Amino acid sequence: MFDVIVIGGGPSGLMASVAAAEHGARVLLIDKGNKLGRKLAISGGGRCNVTNRMERKQLIEHIPGNGKFMHSPFATFDNENIIEFFEGLGIELKEEDRGRMFPINDKAQTVVDTLLRRIRELNVTIWTDSAVKTIDYKDGHVHAVKLMDGQVLETRSIIVATGGKSVPHTGSTGDGYPWAKKAGHTITELYPTEVPITSMDPFIKGKVLQGLSVREIELSVINPKGKTIKTHEGDMIFTHFGVSGPAALRCSQYVVKALKKFDVPTIELRLDLFPAKSSEDLFQELWKLVKAEPKKQLKNVLKGVTQERMLAYLYELHSINAEATCANISHEVLRQLANTMKQFSIQATGTLSIEKAFVTGGGVSVKEIEPKTMHSRKAEGLYFCGEVLDIHGYTGGYNITCAFSTGYTAGKSAAERE
Ligand SMILES: Cc1cc2nc3c(=O)[nH]c(=O)nc-3n(C[C@H](O)[C@H](O)[C@H](O)COP(=O)(O)OP(=O)(O)OC[C@H]3O[C@@H](n4cnc5c(N)ncnc54)[C@H](O)[C@@H]3O)c2cc1C
């Protein structure tokens, strides 16, 4: 009999297995896939963004889905512990922009292999190709794990690390939620987060700006009364269905929530191409350029102010004759251009599906989880960690950090309880 059974071999389950075994438990790790860490291996563009080197306060600010809950698990195992853990196992890490940490060889598989090596060293029993069907409970205590093939494994501690519902081909198909419900847990509404945003605007449908990347912009989500809900800075890309890229992904959950809250068909996004300048300063700059070259065509004088395709679209949008000489360009025309560059409006209709999202929002309610141990408040011997919980961060290593931190905390507590 195993002391602890961990269900799911993503980052949270792998770390839970390590921690439980390091604290003396006999551990069985079960995964339905033929490989462990499949999502981890494709995270961070295949380079695995293992964590983020930020101060605790900032780290929590980057976890919009119940970040405050993470204070306790971080007290047990935080981003610096993750860095020490991997460096201690011989993986050198490097820091990139915004604190993002990657293995120095840019290979996610190295991270997965290192975790697996450690797990084997600790004599964790691993069963792959073994799908769990359900968890059985008896008198308020976990009793057994039932596999799809009919096997029943009795145990005193179970760690559910089955992930969310996003990118299901990696094994994350939401299997853990009904097992949690069966124990009496609440599953908060599931929704896609860190997901590309859709729009039916004519310039999107017409693919006018498709493939165009805009850098160091600000993107804001605006409520139907015109108030800003959230602003994110970063890069963004226009796609054939809407917008994507880091700033759009970060805004996506606010679009999902606003569409629902205000029960409207679209929510406005406002793109600021020049966040460092006021509309007036931008207008003055454009006016200076135009005044200096009265005989040249507008399109030649404004070339390079922003991307050519964007400029061409803006001329069309405002019916500006870009071939006119600058002497014939009015203040009003330039003001219009400057204003649109500061407040380019996109009507968002929604997002791609939860399956296409990077992360699942919602999950097992954190109110019913003991934050110091990740133990369920509903059933004895039951633990949760990772994305199955109602915790989500922005992309940039925050989700993986939460997975490792809650996983380590769950594994350690389960072993210590034994
Ligand atoms: C393309 C992509 C890129 C990402 N990039 C980033 C990034 O840069 N930064 C960041 O922080 N996050 C990123 N994420 C999110 C991050 O990868 C996840 O949040 C993280 O993997 C969640 O870990 P987990 O252990 O909770 O679950 P998962 O990694 O989803 O693992 C769950 C495991 O449980 C197993 N399982 C499920 N059901 C059963 C069952 N019934 N029986 C047995 N086993 C089962 C699955 O096979 C799977 O192996 C990215 C996600 C994707 C899809």
# chains A, B, ... in the order shown; residues from 1 in each chain; ligands from 1
call {"tool": "residues_near_ligand", "arguments": {"ligand": "ligand 1", "cutoff": "6 Å", "atoms": "only C-alpha atoms and all ligand atoms", "output": "JSON list (two decimals) with C-alpha atoms, in the first residue's frame"}}
result
[["chain", "number", "residue", "atom", "x", "y", "z"],
["A", 7, "ILE", "CA", -3.01, 11.82, -9.60],
["A", 8, "GLY", "CA", -1.53, 13.81, -12.50],
["A", 9, "GLY", "CA", 2.05, 14.22, -13.65],
["A", 10, "GLY", "CA", 2.08, 17.91, -14.60],
["A", 11, "PRO", "CA", 4.32, 20.37, -12.73],
["A", 12, "SER", "CA", 2.11, 20.31, -9.62],
["A", 13, "GLY", "CA", 1.90, 16.51, -9.42],
["A", 30, "ILE", "CA", -0.41, 8.05, -11.73],
["A", 31, "ASP", "CA", -0.93, 9.70, -15.11],
["A", 32, "LYS", "CA", -3.26, 8.78, -17.92],
["A", 33, "GLY", "CA", -0.81, 9.85, -20.63],
["A", 36, "LEU", "CA", 4.70, 12.96, -17.83],
["A", 37, "GLY", "CA", 4.89, 16.76, -17.95],
["A", 39, "LYS", "CA", 2.08, 20.62, -20.87],
["A", 40, "LEU", "CA", 5.23, 21.66, -19.05],
["A", 42, "ILE", "CA", 5.32, 22.98, -24.38],
["A", 43, "SER", "CA", 5.09, 25.87, -21.92],
["A", 44, "GLY", "CA", 6.90, 29.13, -22.52],
["A", 49, "ASN", "CA", 9.21, 29.39, -18.17],
["A", 130, "SER", "CA", -3.28, 4.69, -16.23],
["A", 131, "ALA", "CA", -6.39, 6.84, -16.18],
["A", 132, "VAL", "CA", -8.10, 7.40, -12.86],
["A", 133, "LYS", "CA", -11.87, 7.04, -12.99],
["A", 161, "ALA", "CA", -3.10, 17.34, -9.59],
["A", 162, "THR", "CA", -5.15, 16.83, -12.75],
["A", 163, "GLY", "CA", -4.88, 20.42, -14.10],
["A", 164, "GLY", "CA", -7.60, 22.43, -15.83],
["A", 167, "VAL", "CA", -5.16, 22.15, -24.31],
["A", 171, "GLY", "CA", -4.12, 15.26, -20.70],
["A", 172, "SER", "CA", -5.82, 18.21, -18.98],
["A", 175, "ASP", "CA", -11.25, 15.00, -14.77],
["A", 358, "PHE", "CA", -3.31, 28.78, -22.12],
["A", 359, "VAL", "CA", -4.94, 28.59, -18.71],
["A", 386, "GLY", "CA", -2.04, 23.20, -9.50],
["A", 387, "GLU", "CA", -4.51, 24.43, -12.06],
["A", 388, "VAL", "CA", -7.41, 22.25, -10.87],
["A", 395, "THR", "CA", 1.59, 33.91, -18.59],
["A", 396, "GLY", "CA", 5.20, 34.61, -17.65],
["A", 397, "GLY", "CA", 5.85, 31.68, -15.33],
["A", 398, "TYR", "CA", 3.22, 32.53, -12.71],
["A", 399, "ASN", "CA", 1.01, 29.49, -13.31],
["A", 400, "ILE", "CA", 3.93, 27.10, -13.21],
["A", 403, "ALA", "CA", 1.75, 24.65, -9.62]]
call {"tool": "residues_around", "arguments": {"residues": "region 117-119 of chain A", "least_positions_apart": "2", "cutoff": "9 Å", "atoms": "only C-alpha atoms", "output": "list in words"}}
result
Leu14, Met15, Ser17, Val18, Ala21, Leu89, Val112, Asp113, Thr114, Leu115, Glu121, Leu122, Asn123, Val124, Thr125 and Ile126 of chain A
call {"tool": "write_last_selection", "arguments": {"atoms": "N, CA and C atoms", "output": "PDB file, in the first residue's frame"}}
result
ATOM      1  N   LEU A  14       4.183  16.455 -10.245  1.00  0.00           N
ATOM      2  CA  LEU A  14       5.593  16.037 -10.188  1.00  0.00           C
ATOM      3  C   LEU A  14       6.245  16.593  -8.925  1.00  0.00           C
ATOM      4  N   MET A  15       5.978  17.869  -8.646  1.00  0.00           N
ATOM      5  CA  MET A  15       6.588  18.476  -7.456  1.00  0.00           C
ATOM      6  C   MET A  15       5.983  17.889  -6.178  1.00  0.00           C
ATOM      7  N   SER A  17       5.001  14.853  -5.819  1.00  0.00           N
ATOM      8  CA  SER A  17       5.629  13.538  -5.648  1.00  0.00           C
ATOM      9  C   SER A  17       7.016  13.676  -5.043  1.00  0.00           C
ATOM     10  N   VAL A  18       7.777  14.658  -5.554  1.00  0.00           N
ATOM     11  CA  VAL A  18       9.124  14.896  -5.019  1.00  0.00           C
ATOM     12  C   VAL A  18       9.035  15.223  -3.524  1.00  0.00           C
ATOM     13  N   ALA A  21       7.904  12.278  -1.298  1.00  0.00           N
ATOM     14  CA  ALA A  21       8.955  11.260  -1.160  1.00  0.00           C
ATOM     15  C   ALA A  21      10.124  11.796  -0.334  1.00  0.00           C
ATOM     16  N   LEU A  89      19.782  20.700  -8.779  1.00  0.00           N
ATOM     17  CA  LEU A  89      19.783  19.469  -9.572  1.00  0.00           C
ATOM     18  C   LEU A  89      20.594  19.635 -10.857  1.00  0.00           C
ATOM     19  N   VAL A 112      11.667  18.879 -17.556  1.00  0.00           N
ATOM     20  CA  VAL A 112      10.851  17.678 -17.318  1.00  0.00           C
ATOM     21  C   VAL A 112      11.763  16.514 -16.937  1.00  0.00           C
ATOM     22  N   ASP A 113      12.830  16.307 -17.699  1.00  0.00           N
ATOM     23  CA  ASP A 113      13.731  15.174 -17.445  1.00  0.00           C
ATOM     24  C   ASP A 113      14.377  15.268 -16.062  1.00  0.00           C
ATOM     25  N   THR A 114      14.715  16.487 -15.657  1.00  0.00           N
ATOM     26  CA  THR A 114      15.344  16.672 -14.342  1.00  0.00           C
ATOM     27  C   THR A 114      14.378  16.311 -13.227  1.00  0.00           C
ATOM     28  N   LEU A 115      13.130  16.737 -13.377  1.00  0.00           N
ATOM     29  CA  LEU A 115      12.121  16.388 -12.365  1.00  0.00           C
ATOM     30  C   LEU A 115      11.938  14.869 -12.313  1.00  0.00           C
ATOM     31  N   GLU A 121      15.006   8.868  -8.472  1.00  0.00           N
ATOM     32  CA  GLU A 121      15.994   8.793  -7.390  1.00  0.00           C
ATOM     33  C   GLU A 121      15.314   8.559  -6.047  1.00  0.00           C
ATOM     34  N   LEU A 122      14.144   9.165  -5.898  1.00  0.00           N
ATOM     35  CA  LEU A 122      13.420   9.078  -4.625  1.00  0.00           C
ATOM     36  C   LEU A 122      12.524   7.837  -4.548  1.00  0.00           C
ATOM     37  N   ASN A 123      12.657   6.981  -5.550  1.00  0.00           N
ATOM     38  CA  ASN A 123      11.891   5.717  -5.603  1.00  0.00           C
ATOM     39  C   ASN A 123      10.377   5.895  -5.615  1.00  0.00           C
ATOM     40  N   VAL A 124       9.933   6.955  -6.270  1.00  0.00           N
ATOM     41  CA  VAL A 124       8.484   7.121  -6.470  1.00  0.00           C
ATOM     42  C   VAL A 124       8.062   6.092  -7.525  1.00  0.00           C
ATOM     43  N   THR A 125       6.980   5.395  -7.268  1.00  0.00           N
ATOM     44  CA  THR A 125       6.471   4.457  -8.276  1.00  0.00           C
ATOM     45  C   THR A 125       5.665   5.257  -9.300  1.00  0.00           C
ATOM     46  N   ILE A 126       5.945   5.039 -10.576  1.00  0.00           N
ATOM     47  CA  ILE A 126       5.261   5.810 -11.623  1.00  0.00           C
ATOM     48  C   ILE A 126       4.420   4.871 -12.477  1.00  0.00           C
TER      49      ILE A 126
END
call {"tool": "select_by_dssp", "arguments": {"residues": "region 259-389 of chain A", "states": "strand (DSSP E)", "output": "count of residues only"}}
result
24
call {"tool": "residues_around", "arguments": {"residues": "region 391-393 of chain A", "least_positions_apart": "3", "cutoff": "7 Å", "atoms": "only C-alpha atoms", "output": "short mmCIF file (atom, residue, chain, number, x, y, z; two decimals) with C-alpha atoms, in the first residue's frame"}}
result
data_model
loop_
_atom_site.label_atom_id
_atom_site.label_comp_id
_atom_site.auth_asym_id
_atom_site.auth_seq_id
_atom_site.Cartn_x
_atom_site.Cartn_y
_atom_site.Cartn_z
CA HIS A 62 0.59 38.84 -11.28
CA ILE A 63 -1.78 36.11 -10.09
CA PRO A 64 -5.18 37.77 -10.64
CA GLY A 65 -7.06 34.55 -9.83
CA ASN A 66 -6.88 34.31 -6.00
CA GLY A 67 -3.25 35.40 -5.76
CA GLY A 361 -9.90 30.19 -14.85
CA GLY A 362 -12.10 28.91 -12.00
CA GLU A 387 -4.51 24.43 -12.06
CA TYR A 398 3.22 32.53 -12.71
CA ASN A 399 1.01 29.49 -13.31
#
call {"tool": "residues_around", "arguments": {"residues": "Ile267 (chain A)", "least_positions_apart": "4", "cutoff": "7 Å", "atoms": "only C-alpha atoms", "output": "list in words"}}
result
Ile222, Asn223, Pro224, Val255, Leu259, Gln347, Ala348 and Thr349 of chain A
call {"tool": "closest_atom_pairs", "arguments": {"of": "region 223-318 of chain A", "to": "region 323-345 of chain A", "cutoff": "9 Å", "atoms": "only C-alpha atoms", "output": "CSV"}}
result
residue,atom,partner,partner_atom,distance
A:Glu268,CA,A:Ser345,CA,6.6
A:Leu269,CA,A:Ser345,CA,5.8
A:Arg270,CA,A:Ser345,CA,4.8
A:Leu271,CA,A:Phe344,CA,4.8
A:Asp272,CA,A:Lys342,CA,4.3
A:Leu273,CA,A:Met341,CA,5.5
A:Phe274,CA,A:Lys342,CA,6.2
A:Pro275,CA,A:Lys342,CA,7.4
A:Lys277,CA,A:Lys342,CA,8.6
A:Ser278,CA,A:Lys342,CA,8.0
A:Ser279,CA,A:Asn339,CA,6.0
A:Glu280,CA,A:Ala338,CA,7.9
A:Asp281,CA,A:Ala338,CA,8.9
A:Leu282,CA,A:Ala338,CA,5.9
A:Phe283,CA,A:Ala338,CA,5.3
A:Gln284,CA,A:Arg335,CA,8.9
A:Leu286,CA,A:Leu334,CA,6.8
A:Trp287,CA,A:Leu334,CA,6.9
A:Val290,CA,A:Cys326,CA,5.5
A:Lys291,CA,A:Cys326,CA,7.1
A:Ala292,CA,A:Cys326,CA,8.8
A:Glu293,CA,A:Cys326,CA,6.5
A:Pro294,CA,A:Ala327,CA,4.4
A:Lys295,CA,A:Thr325,CA,5.5
A:Lys296,CA,A:Thr325,CA,5.2
A:Gln297,CA,A:Thr325,CA,4.1
A:Leu298,CA,A:Cys326,CA,5.2
A:Lys299,CA,A:Glu323,CA,6.2
A:Asn300,CA,A:Glu323,CA,8.4
A:Val301,CA,A:Cys326,CA,8.0
A:Thr306,CA,A:Met341,CA,8.9
A:Leu311,CA,A:Leu337,CA,9.0
A:Leu314,CA,A:Leu337,CA,7.0
A:Tyr315,CA,A:Leu337,CA,8.0
A:His318,CA,A:Gln336,CA,7.7
call {"tool": "residues_around", "arguments": {"residues": "Phe238 (chain A)", "least_positions_apart": "5", "cutoff": "6 Å", "atoms": "only C-alpha atoms", "output": "number ranges by chain"}}
result
A: 209-212, 243
call {"tool": "closest_residue", "arguments": {"among": "A:Lys372, A:Lys68, A:Lys107, A:Lys257", "to": "Val50 (chain A)", "atoms": "only C-alpha atoms"}}
result
A:Lys107
